[in-house]
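Asker: File name entry-v2.cif; file contents mmCIF, C-alpha atoms; full text below.
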```cif
data_entry
#
loop_
_atom_site.label_atom_id
_atom_site.label_comp_id
_atom_site.auth_asym_id
_atom_site.auth_seq_id
_atom_site.Cartn_x
_atom_site.Cartn_y
_atom_site.Cartn_z
CA MET A 1 0.26 -69.39 -7.71
CA ASP A 2 -0.45 -73.19 -7.68
CA THR A 3 1.15 -75.31 -10.34
CA ARG A 4 0.80 -73.21 -13.45
CA LEU A 5 3.89 -72.46 -15.43
CA VAL A 6 5.21 -69.02 -14.73
CA PRO A 7 5.96 -67.19 -17.95
CA SER A 8 9.60 -66.46 -18.55
CA ILE A 9 10.30 -63.43 -16.48
CA GLU A 10 14.07 -63.47 -16.65
CA THR A 11 14.28 -62.78 -20.36
CA ALA A 12 15.27 -59.19 -19.68
CA ALA A 13 15.61 -56.93 -22.65
CA SER A 14 15.35 -58.83 -25.87
CA THR A 15 16.66 -57.30 -29.03
CA ASP A 16 14.70 -56.62 -32.13
CA GLY A 17 16.76 -55.69 -35.11
CA GLY A 18 19.41 -54.25 -32.86
CA ALA A 19 17.04 -52.01 -30.90
CA VAL A 20 16.53 -52.85 -27.25
CA VAL A 21 12.91 -53.67 -26.48
CA SER A 22 12.43 -52.41 -22.96
CA HIS A 23 9.91 -53.39 -20.36
CA LYS A 24 7.88 -50.88 -18.36
CA TYR A 25 8.23 -50.31 -14.64
CA VAL A 26 5.01 -48.82 -13.25
CA TYR A 27 4.85 -46.35 -10.33
CA GLY A 28 1.14 -45.69 -10.35
CA VAL A 29 -1.95 -44.66 -12.28
CA VAL A 30 -3.18 -41.13 -13.00
CA GLU A 31 -5.96 -39.58 -15.05
CA ALA A 32 -4.81 -39.65 -18.68
CA SER A 33 -5.41 -35.91 -18.88
CA ASP A 34 -2.63 -35.35 -16.32
CA ASP A 35 0.47 -35.02 -18.43
CA VAL A 36 3.41 -36.43 -16.49
CA GLU A 37 6.87 -36.49 -18.00
CA PHE A 38 10.15 -35.52 -16.38
CA GLU A 39 13.77 -36.52 -15.96
CA THR A 40 14.76 -38.03 -12.64
CA ASP A 41 16.70 -40.89 -11.00
CA ALA A 42 14.22 -43.67 -11.67
CA VAL A 43 14.10 -47.38 -10.72
CA GLY A 44 16.69 -49.56 -12.47
CA ASP A 45 18.91 -46.60 -13.39
CA ALA A 46 16.38 -45.17 -15.84
CA ASP A 47 16.48 -41.39 -16.13
CA ARG A 48 13.07 -40.51 -17.52
CA VAL A 49 9.51 -40.98 -16.27
CA TYR A 50 6.57 -40.75 -18.69
CA THR A 51 3.05 -42.09 -19.21
CA VAL A 52 1.46 -44.93 -21.16
CA SER A 53 -2.25 -44.29 -21.45
CA HIS A 54 -5.38 -46.16 -22.40
CA ARG A 55 -8.44 -43.93 -22.66
CA ARG A 56 -9.15 -42.30 -19.26
CA TYR A 57 -6.20 -43.68 -17.31
CA ALA A 58 -2.46 -43.56 -17.70
CA ALA A 59 0.33 -45.50 -16.03
CA VAL A 60 3.39 -43.52 -14.98
CA VAL A 61 6.36 -45.63 -16.10
CA SER A 62 10.08 -45.76 -16.74
CA ASP A 63 11.99 -48.19 -18.95
CA ILE A 64 13.51 -51.26 -17.31
CA ASP A 65 15.38 -54.34 -18.56
CA THR A 66 13.60 -56.94 -16.44
CA THR A 67 10.04 -57.81 -15.42
CA GLU A 68 11.24 -58.89 -11.99
CA PRO A 69 13.20 -56.01 -10.47
CA GLU A 70 15.25 -56.75 -7.39
CA GLU A 71 14.05 -55.21 -4.12
CA THR A 72 17.05 -53.07 -3.33
CA ASP A 73 16.89 -50.25 -0.77
CA GLU A 74 17.99 -47.83 -3.47
CA ASP A 75 15.28 -48.77 -5.95
CA ALA A 76 12.57 -48.95 -3.26
CA GLN A 77 13.55 -45.41 -2.26
CA ARG A 78 13.49 -44.31 -5.91
CA HIS A 79 10.02 -45.79 -6.39
CA ASP A 80 8.81 -43.67 -3.47
CA ASP A 81 10.77 -40.59 -4.59
CA VAL A 82 9.20 -40.72 -8.06
CA LEU A 83 5.73 -40.96 -6.53
CA ARG A 84 6.49 -37.94 -4.34
CA GLU A 85 7.71 -36.00 -7.36
CA ILE A 86 4.47 -36.78 -9.17
CA MET A 87 2.44 -35.71 -6.14
CA GLU A 88 4.26 -32.37 -6.20
CA HIS A 89 4.23 -32.14 -9.99
CA ASP A 90 2.40 -29.26 -11.58
CA GLY A 91 0.82 -27.99 -8.36
CA GLY A 92 -0.08 -31.42 -7.01
CA GLN A 93 -1.25 -34.51 -8.83
CA THR A 94 -3.24 -37.49 -7.55
CA ILE A 95 -1.71 -40.88 -8.28
CA VAL A 96 -2.83 -44.40 -7.31
CA PRO A 97 0.46 -45.89 -6.07
CA MET A 98 1.66 -49.35 -7.07
CA ARG A 99 3.57 -51.66 -4.77
CA PHE A 100 7.28 -51.98 -5.63
CA GLY A 101 8.08 -54.35 -8.51
CA MET A 102 5.15 -53.92 -10.89
CA ALA A 103 7.11 -54.24 -14.15
CA PHE A 104 5.27 -55.10 -17.36
CA GLU A 105 6.44 -56.97 -20.44
CA GLY A 106 5.39 -54.07 -22.66
CA ASP A 107 2.72 -51.54 -23.61
CA ARG A 108 0.18 -54.14 -24.72
CA GLU A 109 0.14 -55.90 -21.36
CA LEU A 110 0.00 -52.60 -19.52
CA LYS A 111 -2.87 -51.23 -21.60
CA ASN A 112 -4.71 -54.51 -21.12
CA VAL A 113 -4.60 -53.97 -17.35
CA LEU A 114 -5.57 -50.28 -17.65
CA ARG A 115 -8.54 -51.33 -19.75
CA ASN A 116 -9.73 -54.22 -17.63
CA ALA A 117 -9.27 -52.62 -14.24
CA GLN A 118 -10.84 -49.26 -15.13
CA PRO A 119 -13.55 -49.39 -12.44
CA ALA A 120 -10.97 -50.13 -9.74
CA PHE A 121 -8.73 -47.27 -10.82
CA ARG A 122 -11.68 -44.91 -11.05
CA ARG A 123 -12.79 -45.70 -7.50
CA ALA A 124 -9.26 -45.55 -6.11
CA LEU A 125 -8.62 -42.17 -7.75
CA ARG A 126 -11.88 -40.83 -6.39
CA ASP A 127 -11.03 -42.03 -2.86
CA ILE A 128 -7.61 -40.39 -2.75
CA ASP A 129 -8.18 -37.30 -4.90
CA GLY A 130 -6.10 -34.46 -3.44
CA LYS A 131 -5.09 -36.52 -0.41
CA ILE A 132 -1.81 -37.68 1.14
CA GLU A 133 -0.82 -40.40 3.59
CA LEU A 134 0.78 -39.53 6.95
CA GLY A 135 2.13 -41.98 9.51
CA LEU A 136 2.08 -41.68 13.30
CA LYS A 137 3.94 -43.93 15.70
CA LEU A 138 4.01 -43.41 19.46
CA VAL A 139 6.84 -45.08 21.33
CA GLU A 140 6.89 -45.39 25.12
CA GLU A 141 9.81 -43.66 26.81
CA GLU A 142 11.94 -45.94 28.95
CA ASP A 143 10.34 -46.55 32.37
CA ALA A 144 7.26 -44.56 31.41
CA GLU A 145 3.90 -45.83 32.62
CA VAL A 146 1.26 -45.28 29.99
CA ASP A 147 -2.37 -46.22 29.65
CA ARG A 148 -2.56 -47.46 26.07
CA GLU A 149 -6.33 -47.45 25.83
CA ALA A 150 -6.57 -43.89 27.06
CA ILE A 151 -3.90 -42.79 24.59
CA GLU A 152 -5.64 -44.54 21.71
CA GLU A 153 -8.90 -42.81 22.56
CA ASP A 154 -7.25 -39.45 23.01
CA VAL A 155 -5.37 -39.65 19.70
CA ALA A 156 -8.50 -40.78 17.88
CA ASP A 157 -10.48 -37.87 19.36
CA VAL A 158 -7.85 -35.41 18.15
CA LEU A 159 -6.90 -36.81 14.72
CA GLU A 160 -9.91 -38.70 13.34
CA PRO A 161 -12.05 -35.57 12.86
CA ILE A 162 -9.30 -34.05 10.68
CA ALA A 163 -8.38 -37.21 8.72
CA ASP A 164 -10.46 -38.65 5.92
CA GLN A 165 -9.71 -42.27 6.85
CA SER A 166 -7.17 -44.19 8.90
CA VAL A 167 -5.82 -47.73 9.15
CA PRO A 168 -3.96 -49.43 12.01
CA ASN A 169 -0.45 -50.82 11.45
CA ASP A 170 1.39 -53.58 13.33
CA LEU A 171 2.65 -52.94 16.84
CA PHE A 172 5.93 -54.72 16.20
CA SER A 173 7.63 -53.76 19.44
CA ASP A 174 6.56 -53.79 23.09
CA ARG A 175 7.32 -50.12 23.44
CA LEU A 176 5.38 -49.16 20.33
CA VAL A 177 2.03 -48.20 21.81
CA PHE A 178 0.38 -46.74 18.72
CA ASN A 179 0.95 -47.11 14.95
CA ARG A 180 -1.49 -45.78 12.40
CA SER A 181 -1.62 -44.37 8.86
CA TYR A 182 -3.91 -41.47 8.03
CA LEU A 183 -5.39 -40.30 4.75
CA VAL A 184 -5.48 -36.51 4.93
CA ASP A 185 -6.71 -33.93 2.46
CA GLU A 186 -3.93 -31.55 1.39
CA ASP A 187 -6.13 -28.71 2.62
CA ASP A 188 -6.23 -30.21 6.13
CA ARG A 189 -2.54 -30.90 6.27
CA GLU A 190 -1.63 -27.91 8.46
CA ALA A 191 -4.44 -28.65 10.90
CA PHE A 192 -3.15 -32.22 11.14
CA ASP A 193 0.44 -31.02 11.71
CA ASP A 194 -0.80 -28.76 14.52
CA ALA A 195 -2.83 -31.55 16.12
CA VAL A 196 0.21 -33.85 16.11
CA ALA A 197 2.28 -31.08 17.71
CA ASP A 198 -0.37 -30.74 20.43
CA LEU A 199 -0.26 -34.46 21.12
CA GLU A 200 3.52 -34.33 21.26
CA ASP A 201 3.40 -31.56 23.87
CA ARG A 202 0.76 -33.35 25.89
CA TYR A 203 2.74 -36.60 26.14
CA GLU A 204 6.19 -35.04 26.11
CA ASP A 205 7.62 -36.90 29.10
CA ARG A 206 6.02 -40.27 28.33
CA LEU A 207 5.97 -40.82 24.56
CA MET A 208 8.25 -40.33 21.58
CA VAL A 209 6.41 -39.21 18.47
CA ARG A 210 7.42 -40.48 15.02
CA TYR A 211 5.46 -38.46 12.48
CA THR A 212 6.25 -39.37 8.85
CA GLY A 213 5.28 -38.54 5.31
CA PRO A 214 3.76 -37.24 3.21
CA PHE A 215 3.50 -40.50 1.27
CA ALA A 216 1.43 -41.44 -1.74
CA PRO A 217 -1.69 -43.10 -0.25
CA TYR A 218 -0.26 -46.65 -0.37
CA SER A 219 -2.31 -47.83 2.61
CA PHE A 220 -5.59 -46.63 1.15
CA VAL A 221 -5.63 -48.33 -2.25
CA ASP A 222 -6.15 -51.98 -1.44
CA VAL A 223 -6.51 -53.20 -5.02
CA LYS A 224 -5.27 -56.56 -6.27
CA ILE A 225 -5.39 -57.45 -9.93
CA GLY A 226 -5.03 -61.09 -10.88
CA ALA A 227 -5.08 -63.17 -14.02
CA GLN A 228 -7.67 -65.83 -14.63
CA MET B 1 -0.78 -23.26 20.99
CA ALA B 2 1.94 -25.68 20.05
CA SER B 3 4.39 -24.95 17.33
CA GLN B 4 3.76 -26.61 14.00
CA ARG B 5 5.14 -30.08 13.47
CA ARG B 6 6.32 -31.17 10.02
CA PRO B 7 6.32 -34.88 9.21
CA ASP B 8 9.70 -36.47 8.58
CA ALA B 9 10.13 -37.69 5.01
CA SER B 10 13.56 -39.24 5.31
CA SER B 11 13.08 -42.65 6.93
CA LEU B 12 13.98 -45.60 4.69
CA ALA B 13 12.24 -48.01 7.10
CA GLU B 14 8.99 -46.09 6.74
CA VAL B 15 9.35 -46.08 2.97
CA LEU B 16 10.05 -49.84 2.84
CA ASP B 17 7.05 -50.56 5.10
CA ARG B 18 4.83 -49.03 2.48
CA VAL B 19 6.54 -49.63 -0.85
CA LEU B 20 7.07 -53.36 -0.29
CA ASP B 21 3.82 -54.10 1.49
CA LYS B 22 1.11 -51.68 0.37
CA GLY B 23 -0.15 -50.20 -2.88
CA VAL B 24 -1.79 -51.78 -5.92
CA VAL B 25 -0.61 -55.33 -6.67
CA ILE B 26 -0.79 -56.87 -10.13
CA ASP B 27 -0.24 -60.58 -10.63
CA VAL B 28 2.81 -61.50 -12.73
CA TRP B 29 0.57 -63.22 -15.31
CA ALA B 30 -1.31 -60.02 -15.94
CA ARG B 31 1.99 -58.17 -16.32
CA VAL B 32 3.71 -60.41 -18.84
CA SER B 33 0.85 -61.76 -20.92
CA VAL B 34 -2.24 -60.54 -22.75
CA VAL B 35 -3.34 -63.69 -24.54
CA GLY B 36 -6.03 -65.77 -22.91
CA ILE B 37 -6.22 -63.95 -19.66
CA GLU B 38 -9.01 -62.23 -17.90
CA LEU B 39 -8.41 -59.79 -15.14
CA LEU B 40 -9.99 -60.07 -11.78
CA THR B 41 -10.15 -57.01 -9.66
CA ILE B 42 -10.60 -57.59 -6.00
CA GLU B 43 -10.98 -54.64 -3.75
CA ALA B 44 -10.80 -55.81 -0.19
CA ARG B 45 -10.87 -52.58 1.69
CA VAL B 46 -9.15 -52.85 5.05
CA VAL B 47 -10.50 -49.47 5.90
CA VAL B 48 -13.43 -49.32 8.24
CA ALA B 49 -15.32 -46.74 6.26
CA SER B 50 -18.47 -45.08 7.47
CA VAL B 51 -21.77 -46.78 6.70
CA ASP B 52 -22.61 -43.97 4.31
CA THR B 53 -19.41 -44.48 2.38
CA PHE B 54 -19.98 -48.21 2.26
CA LEU B 55 -23.50 -47.79 0.95
CA HIS B 56 -22.19 -45.36 -1.65
CA TYR B 57 -19.64 -47.95 -2.84
CA ALA B 58 -22.20 -50.70 -2.92
CA GLU B 59 -24.47 -48.51 -5.00
CA GLU B 60 -21.70 -47.53 -7.42
CA ILE B 61 -20.53 -51.12 -7.80
CA SER B 62 -24.04 -52.36 -8.52
CA LYS B 63 -24.48 -49.58 -11.08
CA ILE B 64 -21.31 -50.66 -12.84
CA GLU B 65 -22.25 -54.32 -12.70
CA GLN B 66 -25.67 -53.54 -14.08
CA ALA B 67 -24.19 -51.41 -16.83
CA THR B 68 -21.70 -54.15 -17.70
CA ALA B 69 -24.48 -56.70 -17.87
CA GLU B 70 -26.49 -54.43 -20.13
CA GLY B 71 -23.45 -53.68 -22.23
CA ASP B 72 -23.56 -49.93 -21.84
CA LEU B 73 -20.59 -49.39 -19.56
CA GLU B 74 -19.18 -46.76 -21.91
CA GLU B 75 -22.33 -44.72 -21.62
CA LEU B 76 -22.21 -44.84 -17.85
CA GLU B 77 -18.61 -43.70 -17.87
CA GLU B 78 -19.34 -40.79 -20.12
CA LEU B 79 -22.06 -39.79 -17.71
CA GLU B 80 -19.67 -39.93 -14.78
CA ILE B 81 -17.05 -37.84 -16.52
CA GLU B 82 -19.51 -35.00 -16.71
CA GLU B 83 -20.62 -35.32 -13.11
CA ARG B 84 -17.10 -35.45 -11.83
CA PRO B 85 -15.79 -32.26 -10.24
CA GLU B 86 -12.55 -30.80 -11.57
CA SER B 87 -9.75 -32.93 -10.24
CA SER B 88 -7.20 -30.37 -9.18
CA PRO B 89 -5.66 -31.36 -5.88
CA GLN B 90 -4.59 -28.42 -3.77
CA SER B 91 -1.14 -28.27 -2.37
CA ALA B 92 -0.81 -26.99 1.16
CA GLU B 93 2.79 -26.05 0.56
#
```
Can I see the file as structure tokens?
Answerer:
Amino acid sequence: MDTRLVPSIETAASTDGGAVVSHKYVYGVVEASDDVEFETDAVGDADRVYTVSHRRYAAVVSDIDTTEPEETDEDAQRHDDVLREIMEHDGGQTIVPMRFGMAFEGDRELKNVLRNAQPAFRRALRDIDGKIELGLKLVEEEDAEVDREAIEEDVADVLEPIADQSVPNDLFSDRLVFNRSYLVDEDDREAFDDAVADLEDRYEDRLMVRYTGPFAPYSFVDVKIGAQ
Amino acid sequence: MASQRRPDASSLAEVLDRVLDKGVVIDVWARVSVVGIELLTIEARVVVASVDTFLHYAEEISKIEQATAEGDLEELEELEIEERPESSPQSAE
């Protein structure tokens, strides 16, 4: 962020007449008509998740005492757990997931973002409405000889017709021959599960299958909001 | 026919891959200040969408830009609310 002064982000909870003024940790954005409020183990030891809304969109938040939360394994897991709870909430709710660490000074700042980024949230919500993210990694068995290109084509032939979209992920190891995230409609979830099982059977002796999720569609909401 | 395969939800590494690296990002300035800032929204889609989808986006974006320029964004939004199908995601569970 070049040479500009960074606003004081370590002020934590200031006090106002004895009452603690808390900051807001944001998990994601939902339609304001979706009422989300429940008790859970939230980021930063908070125990309640609720919404702050501005017109059509609402941020799902919990109270936090800092605007720069530490990236601990526990809190990263909680961030994801809360998103999963929301996705399963009330028969299934669509939420545009935030990256870990999106804590706001207060309601005014949060509403300002909800207001100014309305078109981005609208498009993101439309893209992922009723959909989940699933991950597939294929790892070469020791001493197995595999034709990566053929596998890639085969997997694409089987999974792409069922998925809505997909994005490649890094092949961070020599034995990792395939790594992709899929956006799948909840209605197509069983068909996708079956197709993965078929692939697993087909490559049983050559590949290990790591099939993960369902996640909030993190990989399919590439939205960045900056200040000018 | 193969037996059904359920995805595994328990891997911390998989969660960290996503939570720390993907999802909507909001600049710290936009999170701690309201005064004197303007928000920029950049949507760089990494997804190779179909041409149809791309054209649809381009059309929607130009509609919004046009509406913003003409100052009737609210009207456009009201219109879209009515066109929008009920958003009630189905759970396969």
Asker: With the file shown as input, list the residues that the PyMOL selection byres ((chain A) within 7 of (chain B)) selects, as a ChimeraX atom specification.
Answerer: /A:76-77,80,91-94,97-100,102-105,109-110,112,116-117,120,129-130,166-167,186-187,189,193-194,196-198,211-214,218-219,221-228
Asker: As an exercise, work out the distance from atom CA of Gly28 of chain A to atom CA of Gln165 of chain A in Å and give it to one decimal place.
Answerer: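 Computed distance, atom CA of Gly28 of chain A to atom CA of Gln165 of chain A, equals 20.6 Å.
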Asker: Mind pulling up the distance from atom CA of Val177 of chain A to atom CA of Asp154 of chain A?
Answerer: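 Between atom CA of Asp154 of chain A and atom CA of Val177 of chain A the gap is 12.8 Å.
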Asker: Take atom CA of Glu37 of chain A and atom CA of Ile86 of chain A and report the distance between them in Å, one decimal.
Answerer: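 That distance, rounded to one decimal, is 9.2 Å.
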Asker: Could you state which residues are captured by the PyMOL selection byres ((chain A and resi 205) around 12) in this file, as a count of residues only?
Answerer: 18
Asker: Fewer than 5 positions away in the same chain doesn't count, so skip those; otherwise give me all residues within 8 Å of Ala42 of chain A, counting all atoms listed in the file, as a list in words.
Answerer: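 Those residues are Asp47, Arg48, Val49, Ser62, Asp75, Arg78, His79 and Val82 of chain A.
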Asker: Write out as a ChimeraX atom specification which residues come within 9 Å of Asp170 of chain A when counting only C-alpha atoms, dropping same-chain ones fewer than 4 positions away.
Answerer: /A:178-180
Asker: Starting from the PyMOL selection byres ((chain A and resi 162) around 10), expand the selection into actual residues of this file and give them as an NGL selection string.
Answerer: :A and (156-161 or 163-165 or 182-185 or 188-189 or 191-192 or 195)
